[in-house]
Amino acid sequence: NIPRVLSIQSHVVHGYVGGKCAVFTLQRLGFEVDPVYSVQFSNHTGYPTFKGSVFDGKHLQDLLDGLEVNELTNYSHLLTGYIGSVSLLNKIAEVCRKLKEWNSELTYVCDPVLGDEGRLYVPLEMVESYRNTIVPLASILVPNQFEAELITELKINSPADGFKACTKLQEMDPHTVVITSMTLASEPGTVTLLASTSISQDRGPSYQQVSLTIPRINAYFTGTGDLLAALLLGRLHKRPNDLSTAIEEAVASLQSILLDTAEACGEEVLMAPRSADVCNKRELRLIQGQEHLVDP
Ligand code: ADP
Ligand code: MG
Ligand code: MG
């Protein structure tokens, strides 16, 4: 019985972010993937210009109605990433509840895409929607540091702060939270990932917590979080009771792709201002590096 993912993410015609990262990755890991586009753009929004459309809640409802009429309803996973409109975000809560009606065992992997490095790239009201409506429906939540801070209203300056934020998010219901990257003043030249999973115990809640220190490549890549979310879904599905190995495998695949990409770019392109040509050269080398996805 092959697991089947309903993936609601951005689509770009050219390049590798959002669904363009996640669909291929999950297919290579042996999942059936049914993609819904949250937006359809020519290229990612870090380029000097982009063109395309943003989809709303009605668009998603129509697609879901079509699936329901044809009884195409056997989803094991829901995966959501960048959502371009408030109406679509609100509809996702309904869709998630519907999928749980269809399959009470549904796993919802939620990347609460709000922004990065202090910059919000969605309307501010989405923060509240995630906090109040979406996070409580998620099984596995994969924010970056900025997103974890926005949702929990906690400032994260240390691993201890990060784990406190994880716990606060887990109290909202997700059984597993991964803060995909933190920048710590105490650890220059690195990216720190934190993960926490709930362990059921007789005497109240208990958590298994792991942290991973990753060498920082001195450049900004777009789509890394999207790729990691897909890899985490895949690896945590295969190893539901081995958080550290699942995380190591997911990060190892991602780092191999990033190192390939950085090497192919060279120092000059990694440091250059973001013209269209430079953005294009910095697209993740997912096809060239696809064996890293299956063999971390
Ligand atoms: P997002 O793209 O959503 O902000 P992150 O920045 O947390 O997501 O990136 C996800 C993962 O990508 C990190 O856990 C890390 O493994 C990897 N990564 C991202 N940027 C870098 C970098 N400059 N150097 C090394 N690894 C990186
Ligand atoms: Mg980031
Ligand atoms: Mg992200």
# chains A, B, ... in the order shown; residues from 1 in each chain; ligands from 1
>>> residues_near_ligand(ligand="ligand 3", cutoff="6 Å", atoms="only C-alpha atoms and all ligand atoms", output="PyMOL selection string")
chain A and resi 113+225-226
>>> write_last_selection(atoms="C-alpha atoms", output="PDB file, in the first residue's frame")
ATOM      1  CA  VAL A 113       5.706  29.602   5.605  1.00  0.00           C
ATOM      2  CA  GLY A 225      13.033  24.704   3.605  1.00  0.00           C
ATOM      3  CA  ASP A 226      10.630  23.292   0.994  1.00  0.00           C
TER       4      ASP A 226
END
>>> residues_near_ligand(ligand="ligand 2", cutoff="9 Å", atoms="only C-alpha atoms and all ligand atoms", output="list in words")
Gly115, Asp116, Glu117, Asn144, Gln145, Phe146, Thr180, Ser181, Met182, Tyr220, Phe221, Thr222, Gly223, Thr224 and Gly225 of chain A
>>> write_last_selection(atoms="C-alpha atoms", output="PDB file, in the first residue's frame")
ATOM      1  CA  GLY A 115       9.126  34.569   6.169  1.00  0.00           C
ATOM      2  CA  ASP A 116      12.824  34.272   6.833  1.00  0.00           C
ATOM      3  CA  GLU A 117      15.623  36.175   8.552  1.00  0.00           C
ATOM      4  CA  ASN A 144      12.381  28.080  10.531  1.00  0.00           C
ATOM      5  CA  GLN A 145      13.531  30.210  13.475  1.00  0.00           C
ATOM      6  CA  PHE A 146      11.676  33.345  12.387  1.00  0.00           C
ATOM      7  CA  THR A 180      14.767  23.780  10.581  1.00  0.00           C
ATOM      8  CA  SER A 181      17.463  26.391  11.160  1.00  0.00           C
ATOM      9  CA  MET A 182      18.597  28.759  13.863  1.00  0.00           C
ATOM     10  CA  TYR A 220      21.386  32.303   0.600  1.00  0.00           C
ATOM     11  CA  PHE A 221      19.525  29.542  -1.238  1.00  0.00           C
ATOM     12  CA  THR A 222      15.823  29.593  -2.042  1.00  0.00           C
ATOM     13  CA  GLY A 223      13.742  26.435  -1.582  1.00  0.00           C
ATOM     14  CA  THR A 224      15.888  24.767   1.086  1.00  0.00           C
ATOM     15  CA  GLY A 225      13.033  24.704   3.605  1.00  0.00           C
TER      16      GLY A 225
END
>>> residues_near_ligand(ligand="ligand 1", cutoff="10 Å", atoms="only C-alpha atoms and all ligand atoms", output="number ranges by chain")
A: 17-18, 81-82, 111-117, 142-147, 178-183, 189-194, 212-229, 247-248, 250-259, 262
>>> residues_around(residues="Asp173 (chain A)", least_positions_apart="2", cutoff="12 Å", atoms="only C-alpha atoms", output="number ranges by chain")
A: 108, 131-141, 166-171, 175-177, 197-198, 205
>>> select_by_dssp(residues="region 182-277 of chain A", states="strand (DSSP E or B)", output="list in words")
Met182, Thr190, Val191, Thr192, Leu193, Leu194, Ala195, Ser196, Thr197, Ser198, Ile199, Ser206, Tyr207, Gln208, Gln209, Val210, Ser211, Leu212, Thr213, Ile214 and Pro215 of chain A
>>> atom_distance(atom1="CA of Ser275 (chain A)", atom2="CA of Thr45 (chain A)")
12.1 Å
>>> residues_around(residues="Val95 (chain A)", least_positions_apart="6", cutoff="10 Å", atoms="only C-alpha atoms", output="list in words")
Gly57, Leu60, Gln61, Leu64, Leu78, Leu89 and Glu101 of chain A
>>> write_last_selection(atoms="N, CA, C and O atoms", output="PDB file, in the first residue's frame")
ATOM      1  N   GLY A  57      -9.318  30.176  -1.874  1.00  0.00           N
ATOM      2  CA  GLY A  57      -9.955  29.034  -1.224  1.00  0.00           C
ATOM      3  C   GLY A  57     -10.964  28.320  -2.108  1.00  0.00           C
ATOM      4  O   GLY A  57     -11.103  27.103  -2.054  1.00  0.00           O
ATOM      5  N   LEU A  60      -9.336  25.702  -4.322  1.00  0.00           N
ATOM      6  CA  LEU A  60      -9.024  24.460  -3.598  1.00  0.00           C
ATOM      7  C   LEU A  60     -10.296  23.652  -3.333  1.00  0.00           C
ATOM      8  O   LEU A  60     -10.321  22.431  -3.497  1.00  0.00           O
ATOM      9  N   GLN A  61     -11.359  24.350  -2.950  1.00  0.00           N
ATOM     10  CA  GLN A  61     -12.627  23.662  -2.675  1.00  0.00           C
ATOM     11  C   GLN A  61     -13.132  22.921  -3.918  1.00  0.00           C
ATOM     12  O   GLN A  61     -13.570  21.772  -3.839  1.00  0.00           O
ATOM     13  N   LEU A  64     -11.142  19.785  -4.421  1.00  0.00           N
ATOM     14  CA  LEU A  64     -11.492  18.771  -3.422  1.00  0.00           C
ATOM     15  C   LEU A  64     -12.850  18.141  -3.723  1.00  0.00           C
ATOM     16  O   LEU A  64     -13.039  16.934  -3.574  1.00  0.00           O
ATOM     17  N   LEU A  78      -1.022  14.919   4.300  1.00  0.00           N
ATOM     18  CA  LEU A  78      -1.227  16.260   3.730  1.00  0.00           C
ATOM     19  C   LEU A  78       0.073  17.018   3.969  1.00  0.00           C
ATOM     20  O   LEU A  78       0.640  16.955   5.068  1.00  0.00           O
ATOM     21  N   LEU A  89      -5.520  29.835   2.864  1.00  0.00           N
ATOM     22  CA  LEU A  89      -5.055  29.326   4.162  1.00  0.00           C
ATOM     23  C   LEU A  89      -6.243  28.885   5.023  1.00  0.00           C
ATOM     24  O   LEU A  89      -6.221  27.820   5.645  1.00  0.00           O
ATOM     25  N   GLU A 101     -11.478  13.009   8.058  1.00  0.00           N
ATOM     26  CA  GLU A 101     -12.717  12.214   7.977  1.00  0.00           C
ATOM     27  C   GLU A 101     -12.500  11.002   7.073  1.00  0.00           C
ATOM     28  O   GLU A 101     -12.958   9.905   7.354  1.00  0.00           O
TER      29      GLU A 101
END
>>> select_by_dssp(residues="region 5-168 of chain A", states="helix (DSSP H, G or I)", output="number ranges by chain")
A: 19-28, 57-69, 86-102, 125-137, 145-152, 159-168
>>> write_last_selection(atoms="C-alpha atoms", output="short mmCIF file (atom, residue, chain, number, x, y, z; two decimals), in the first residue's frame")
data_model
loop_
_atom_site.label_atom_id
_atom_site.label_comp_id
_atom_site.auth_asym_id
_atom_site.auth_seq_id
_atom_site.Cartn_x
_atom_site.Cartn_y
_atom_site.Cartn_z
CA GLY A 19 6.04 21.87 -5.04
CA LYS A 20 8.76 21.68 -7.69
CA CYS A 21 11.11 20.48 -4.91
CA ALA A 22 8.66 18.42 -2.93
CA VAL A 23 6.81 16.46 -5.62
CA PHE A 24 9.91 15.09 -7.33
CA THR A 25 11.61 14.34 -4.01
CA LEU A 26 8.66 12.42 -2.60
CA GLN A 27 8.16 10.54 -5.85
CA ARG A 28 11.81 9.47 -5.76
CA GLY A 57 -9.95 29.03 -1.22
CA LYS A 58 -12.66 28.48 -3.84
CA HIS A 59 -10.07 27.01 -6.24
CA LEU A 60 -9.02 24.46 -3.60
CA GLN A 61 -12.63 23.66 -2.67
CA ASP A 62 -13.45 22.92 -6.33
CA LEU A 63 -10.55 20.52 -6.65
CA LEU A 64 -11.49 18.77 -3.42
CA ASP A 65 -15.11 18.46 -4.56
CA GLY A 66 -13.91 16.77 -7.75
CA LEU A 67 -11.80 14.31 -5.78
CA GLU A 68 -14.68 13.54 -3.44
CA VAL A 69 -17.22 12.88 -6.22
CA VAL A 86 -5.59 34.30 3.34
CA SER A 87 -8.68 32.66 1.83
CA LEU A 88 -6.64 29.64 0.72
CA LEU A 89 -5.06 29.33 4.16
CA ASN A 90 -8.45 29.33 5.84
CA LYS A 91 -9.70 26.69 3.38
CA ILE A 92 -6.76 24.43 4.25
CA ALA A 93 -8.18 23.97 7.75
CA GLU A 94 -11.42 22.64 6.21
CA VAL A 95 -9.53 20.43 3.77
CA CYS A 96 -7.44 18.97 6.58
CA ARG A 97 -10.57 18.12 8.58
CA LYS A 98 -12.08 16.49 5.48
CA LEU A 99 -8.95 14.40 4.88
CA LYS A 100 -9.10 13.29 8.52
CA GLU A 101 -12.72 12.21 7.98
CA TRP A 102 -11.55 10.18 5.00
CA GLU A 125 -2.87 38.22 9.58
CA MET A 126 -1.60 34.81 8.43
CA VAL A 127 0.48 34.57 11.61
CA GLU A 128 -2.70 34.48 13.65
CA SER A 129 -4.37 32.00 11.27
CA TYR A 130 -1.45 29.60 11.65
CA ARG A 131 -1.38 30.05 15.44
CA ASN A 132 -5.10 29.66 16.03
CA THR A 133 -6.29 27.37 13.26
CA ILE A 134 -3.60 25.54 11.29
CA VAL A 135 -0.94 24.56 13.84
CA PRO A 136 -3.50 22.76 16.06
CA LEU A 137 -4.35 20.52 13.07
CA GLN A 145 13.53 30.21 13.48
CA PHE A 146 11.68 33.34 12.39
CA GLU A 147 8.42 31.42 11.90
CA ALA A 148 8.74 29.65 15.27
CA GLU A 149 9.28 33.04 16.94
CA LEU A 150 6.27 34.61 15.23
CA ILE A 151 3.88 31.79 16.07
CA THR A 152 5.00 31.30 19.69
CA PRO A 159 19.01 25.99 21.99
CA ALA A 160 17.18 26.12 25.33
CA ASP A 161 14.93 28.91 23.98
CA GLY A 162 14.41 26.86 20.81
CA PHE A 163 13.31 23.77 22.72
CA LYS A 164 10.98 25.95 24.80
CA ALA A 165 9.39 27.13 21.54
CA CYS A 166 9.13 23.50 20.34
CA THR A 167 7.32 22.53 23.54
CA LYS A 168 4.96 25.47 23.26
#
